[in-house]
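K.L.:
Dropping in coords.cif, with mmCIF, C-alpha atoms.
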data_query
loop_
_atom_site.label_atom_id
_atom_site.label_comp_id
_atom_site.auth_asym_id
_atom_site.auth_seq_id
_atom_site.Cartn_x
_atom_site.Cartn_y
_atom_site.Cartn_z
CA GLU J 1 0.00 0.00 0.00
CA GLU J 2 1.46 3.33 -1.13
CA MET J 3 0.95 6.64 0.65
CA ILE J 4 2.15 10.18 -0.05
CA VAL J 5 2.62 12.54 2.90
CA ILE J 6 2.80 16.28 2.30
CA ASP J 7 3.38 19.28 4.56
CA PRO J 8 3.10 22.39 2.36
CA ILE J 9 4.87 24.58 4.94
CA ASP J 10 6.60 23.03 7.96
CA GLY J 11 7.57 26.02 10.07
CA THR J 12 4.48 28.09 9.31
CA THR J 13 5.13 30.57 12.12
CA ASN J 14 8.65 31.23 10.80
CA PHE J 15 7.20 31.69 7.31
CA ILE J 16 4.56 34.15 8.52
CA HIS J 17 7.18 36.16 10.42
CA GLY J 18 9.66 36.22 7.55
CA ILE J 19 12.18 33.92 9.23
CA PRO J 20 13.77 31.88 6.42
CA ILE J 21 13.70 28.52 8.19
CA PHE J 22 10.82 26.43 6.84
CA GLY J 23 10.38 23.49 4.55
CA ILE J 24 8.08 21.98 1.99
CA VAL J 25 7.93 18.29 2.82
CA VAL J 26 6.91 15.44 0.53
CA ALA J 27 7.44 11.78 1.38
CA LYS J 28 6.45 8.49 -0.17
CA LEU J 29 5.65 5.50 2.01
CA TYR J 30 5.27 1.92 0.88
CA ASN J 31 3.83 -0.62 3.33
CA LYS J 32 4.30 1.87 6.23
CA GLU J 33 7.98 2.39 5.39
CA ILE J 34 9.38 5.72 4.18
CA THR J 35 11.01 5.04 0.80
CA ASP J 36 11.54 8.55 -0.59
CA GLY J 37 11.61 12.01 0.96
CA VAL J 38 12.17 15.64 0.09
CA VAL J 39 12.56 18.76 2.25
CA PHE J 40 12.85 21.98 0.24
CA ASN J 41 13.55 25.36 1.78
CA PRO J 42 12.77 27.89 -0.97
CA ALA J 43 14.24 30.74 1.13
CA THR J 44 17.74 29.20 1.11
CA ASN J 45 17.30 27.08 -2.02
CA ASP J 46 18.30 23.97 -0.08
CA PHE J 47 16.79 20.85 -1.63
CA PHE J 48 17.28 17.89 0.71
CA TRP J 49 16.33 14.48 -0.66
CA ALA J 50 16.75 10.81 0.04
CA SER J 51 15.68 7.48 -1.38
CA LYS J 52 15.99 4.26 0.55
CA GLY J 53 19.37 2.69 -0.15
CA LYS J 54 20.56 5.62 -2.26
CA GLY J 55 21.90 8.00 0.40
CA ALA J 56 20.89 11.47 1.53
CA TRP J 57 21.65 14.62 -0.41
CA CYS J 58 21.38 18.39 -0.31
CA ASN J 59 21.28 19.74 -3.83
CA ASN J 60 24.17 17.75 -5.34
CA SER J 61 26.18 17.11 -2.17
CA ARG J 62 26.11 13.83 -0.26
CA LEU J 63 25.05 14.21 3.38
CA ARG J 64 26.68 12.54 6.37
CA VAL J 65 25.80 12.97 10.03
CA SER J 66 28.45 14.57 12.26
CA LYS J 67 31.24 12.53 13.82
CA ARG J 68 31.21 14.32 17.19
CA GLU J 69 31.38 11.91 20.11
CA ASN J 70 31.66 14.30 23.05
CA ILE J 71 28.26 15.66 24.01
CA ASP J 72 29.90 18.84 25.37
CA GLU J 73 30.94 19.70 21.79
CA CYS J 74 27.49 19.00 20.33
CA ILE J 75 24.67 21.30 19.28
CA VAL J 76 21.27 19.77 19.93
CA GLY J 77 18.04 20.90 18.31
CA THR J 78 14.62 20.72 19.89
CA GLY J 79 11.14 22.14 19.67
CA LEU J 80 9.46 24.10 22.42
CA PRO J 81 5.79 23.62 23.19
CA TYR J 82 3.65 26.70 22.65
CA LEU J 83 0.15 27.88 23.52
CA ASN J 84 -1.47 24.98 25.35
CA LYS J 85 0.72 22.23 23.90
CA ILE J 86 2.79 21.99 27.10
CA TYR J 87 3.88 18.51 28.19
CA LYS J 88 4.92 17.45 31.65
CA ASN J 89 8.72 17.34 31.70
CA TYR J 90 9.81 19.68 28.93
CA LEU J 91 11.58 22.20 31.19
CA LYS J 92 13.39 19.34 32.91
CA GLU J 93 14.43 17.89 29.53
CA ILE J 94 15.77 21.25 28.36
CA ASP J 95 17.63 21.64 31.66
CA GLN J 96 19.13 18.13 31.43
CA ILE J 97 20.32 18.52 27.84
CA SER J 98 21.53 22.13 28.02
CA LYS J 99 23.75 21.26 31.02
CA VAL J 100 25.76 18.75 29.00
CA CYS J 101 25.86 20.07 25.42
CA SER J 102 27.52 23.01 23.65
CA GLY J 103 24.19 24.62 22.82
CA LEU J 104 20.49 24.07 22.28
CA ARG J 105 18.75 25.32 19.14
CA ARG J 106 15.06 25.88 18.46
CA LEU J 107 14.85 26.54 14.73
CA GLY J 108 11.08 26.31 14.43
CA SER J 109 10.81 23.65 11.72
CA ALA J 110 11.11 19.94 12.53
CA SER J 111 11.83 19.04 8.89
CA ILE J 112 14.76 21.48 8.74
CA ASP J 113 16.04 20.32 12.15
CA LEU J 114 16.11 16.73 10.91
CA ALA J 115 17.71 17.72 7.60
CA TYR J 116 20.39 19.58 9.58
CA VAL J 117 21.10 16.45 11.65
CA ALA J 118 21.49 14.52 8.38
CA ALA J 119 23.84 17.26 7.12
CA GLY J 120 25.93 17.23 10.32
CA LYS J 121 24.98 20.81 11.24
CA LEU J 122 23.12 19.61 14.33
CA ASP J 123 24.45 16.59 16.19
CA ALA J 124 21.06 15.55 17.55
CA TYR J 125 17.45 16.64 17.78
CA TRP J 126 14.45 15.69 19.87
CA GLU J 127 10.88 16.83 19.95
CA ARG J 128 7.50 15.61 21.18
CA ASN J 129 3.95 15.76 19.83
CA LEU J 130 4.89 15.80 16.16
CA ASN J 131 2.98 14.46 13.17
CA LEU J 132 4.18 12.15 10.41
CA TRP J 133 4.13 14.99 7.85
CA ASP J 134 6.59 16.97 10.03
CA VAL J 135 9.22 14.24 10.24
CA SER J 136 8.70 11.70 7.43
CA SER J 137 11.35 12.95 5.00
CA GLY J 138 13.75 13.89 7.80
CA VAL J 139 13.70 10.39 9.26
CA LEU J 140 14.79 8.94 5.92
CA LEU J 141 17.42 11.67 5.42
CA ILE J 142 19.02 10.82 8.76
CA LYS J 143 18.96 7.07 8.23
CA GLU J 144 20.47 7.46 4.76
CA ALA J 145 23.13 9.85 6.14
CA GLY J 146 24.24 7.27 8.71
CA GLY J 147 22.32 8.54 11.73
CA LYS J 148 19.93 6.99 14.20
CA VAL J 149 16.23 7.64 14.82
CA THR J 150 14.23 6.33 17.79
CA GLU J 151 11.64 7.59 20.21
CA PRO J 152 13.22 9.53 23.13
CA SER J 153 12.52 6.47 25.33
CA GLY J 154 14.75 4.37 23.08
CA ASN J 155 11.80 2.47 21.61
CA SER J 156 11.84 2.01 17.85
CA TRP J 157 10.43 4.92 15.87
CA ASN J 158 7.56 4.08 13.53
CA ILE J 159 5.11 6.09 11.43
CA ASN J 160 2.68 6.31 14.38
CA SER J 161 5.30 7.72 16.78
CA LYS J 162 4.60 11.23 18.08
CA ASP J 163 7.99 11.76 19.75
CA ILE J 164 11.39 11.59 18.10
CA LEU J 165 15.08 11.49 18.97
CA ALA J 166 17.51 11.65 16.06
CA SER J 167 21.28 11.79 16.22
CA ASN J 168 24.65 11.03 14.67
CA THR J 169 24.48 7.67 16.60
CA LYS J 170 27.50 8.57 18.80
CA VAL J 171 25.59 10.76 21.29
CA HIS J 172 22.23 9.02 21.03
CA GLU J 173 22.50 7.06 24.26
CA ILE J 174 23.59 9.96 26.47
CA ILE J 175 20.75 12.16 25.21
CA GLN J 176 18.27 9.32 25.61
CA GLN J 177 19.44 8.87 29.23
CA LYS J 178 19.05 12.59 29.96
CA LEU J 179 15.55 12.61 28.44
CA THR J 180 14.35 9.67 30.51
CA ILE J 181 15.47 10.95 33.93
CA LYS J 182 12.35 11.24 36.05
#
Would you mind giving the structure from this file in structure tokens?
P.N.:
Amino acid sequence: EEMIVIDPIDGTTNFIHGIPIFGIVVAKLYNKEITDGVVFNPATNDFFWASKGKGAWCNNSRLRVSKRENIDECIVGTGLPYLNKIYKNYLKEIDQISKVCSGLRRLGSASIDLAYVAAGKLDAYWERNLNLWDVSSGVLLIKEAGGKVTEPSGNSWNINSKDILASNTKVHEIIQQKLTIK
């Protein structure tokens, strides 16, 4: 069974405010597996794309996740809840991660965050309460760029997952530990 997932503007608030960090997301799924994905940022002309088994690319350059192993040298992306979308431990999570890494970033577009992990610009990224159209292409980009994608708990990520943790593989475990401290 084939399915196409589209997010016409991921990062709508950025777009509305003239902040050039947003993406047009299109992904193809076959039997609940992401086989092809695109994230296009028309403001920067960055065209990220991946096909299963064919690698991850930005325009004509091959993408690889970062090689950083020390969390204190890593930049970690996240999303912040807004309006009434607050979840229980988000301040604790931010506190736990910001204490150990080189910097936290909140870019405002999950698809761009994930593309940046695939490109090695961010070393890791986590967020909660996301939809498949936000992350579909990014998940494939990261896997094809040599990274790792799970739920923050460490459970396998699947197309029904709402929460995501993506990384260069080397810092995945430490971030996962920090996110699961009660």
K.L.:
Selection in question (the file shown): the PyMOL selection byres ((chain J and resi 73-78) around 6). Which residues does it include, as a VMD selection string?
P.N.:
chain J and resid 70 to 72 79 101 to 106 122 to 127
K.L.:
For the file shown, what are the residues hit by the PyMOL selection byres ((chain J and resi 61) around 12), laid out as a ChimeraX atom specification?
P.N.:
/J:46-50,55-60,62-64,118-119,145
K.L.:
Limited to C-alpha atoms, could you put the picked residues into a file as a tab-separated table (two decimals), keeping the file's coordinate frame?
P.N.:
chain	number	residue	atom	x	y	z
J	46	ASP	CA	18.30	23.97	-0.08
J	47	PHE	CA	16.79	20.85	-1.63
J	48	PHE	CA	17.28	17.89	0.71
J	49	TRP	CA	16.33	14.48	-0.66
J	50	ALA	CA	16.75	10.81	0.04
J	55	GLY	CA	21.90	8.00	0.40
J	56	ALA	CA	20.89	11.47	1.53
J	57	TRP	CA	21.65	14.62	-0.41
J	58	CYS	CA	21.38	18.39	-0.31
J	59	ASN	CA	21.28	19.74	-3.83
J	60	ASN	CA	24.17	17.75	-5.34
J	62	ARG	CA	26.11	13.83	-0.26
J	63	LEU	CA	25.05	14.21	3.38
J	64	ARG	CA	26.68	12.54	6.37
J	118	ALA	CA	21.49	14.52	8.38
J	119	ALA	CA	23.84	17.26	7.12
J	145	ALA	CA	23.13	9.85	6.14
K.L.:
With only C-alpha atoms as the basis for distance, which of J:Ile112, J:Lys67, J:Lys170, J:Leu29 is at the shortest distance from J:Thr44?
P.N.:
J:Ile112
K.L.:
Quick one: of J:Val100, J:Arg128, J:Asp36, J:Lys52, who's nearest to J:Asp163, counting all atoms listed in the file?
P.N.:
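Of J:Val100, J:Arg128, J:Asp36, J:Lys52, the one nearest J:Asp163, counting all atoms listed in the file, is J:Arg128.
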K.L.:
Report as JSON, numbers by chain all protein, DNA and RNA residues lying within 10 Å of J:Leu179, evaluated on all atoms listed in the file, omitting residues in the same chain fewer than 5 positions from it.
P.N.:
{"J": [89, 90, 92, 93, 94, 95, 96, 97, 126, 152, 153, 154, 165, 173, 174]}
K.L.:
What's the 9 Å shell around J:His172, counting all atoms listed in the file, without same-chain residues fewer than 5 positions away, as a PyMOL selection string?
P.N.:
chain J and resi 124+148-149+165-167+177
K.L.:
Which residue out of J:Ile34, J:Ala110, J:Val25, J:Ile4 has the minimum interatomic distance to J:Leu140 when only C-alpha atoms are used?
P.N.:
J:Ile34
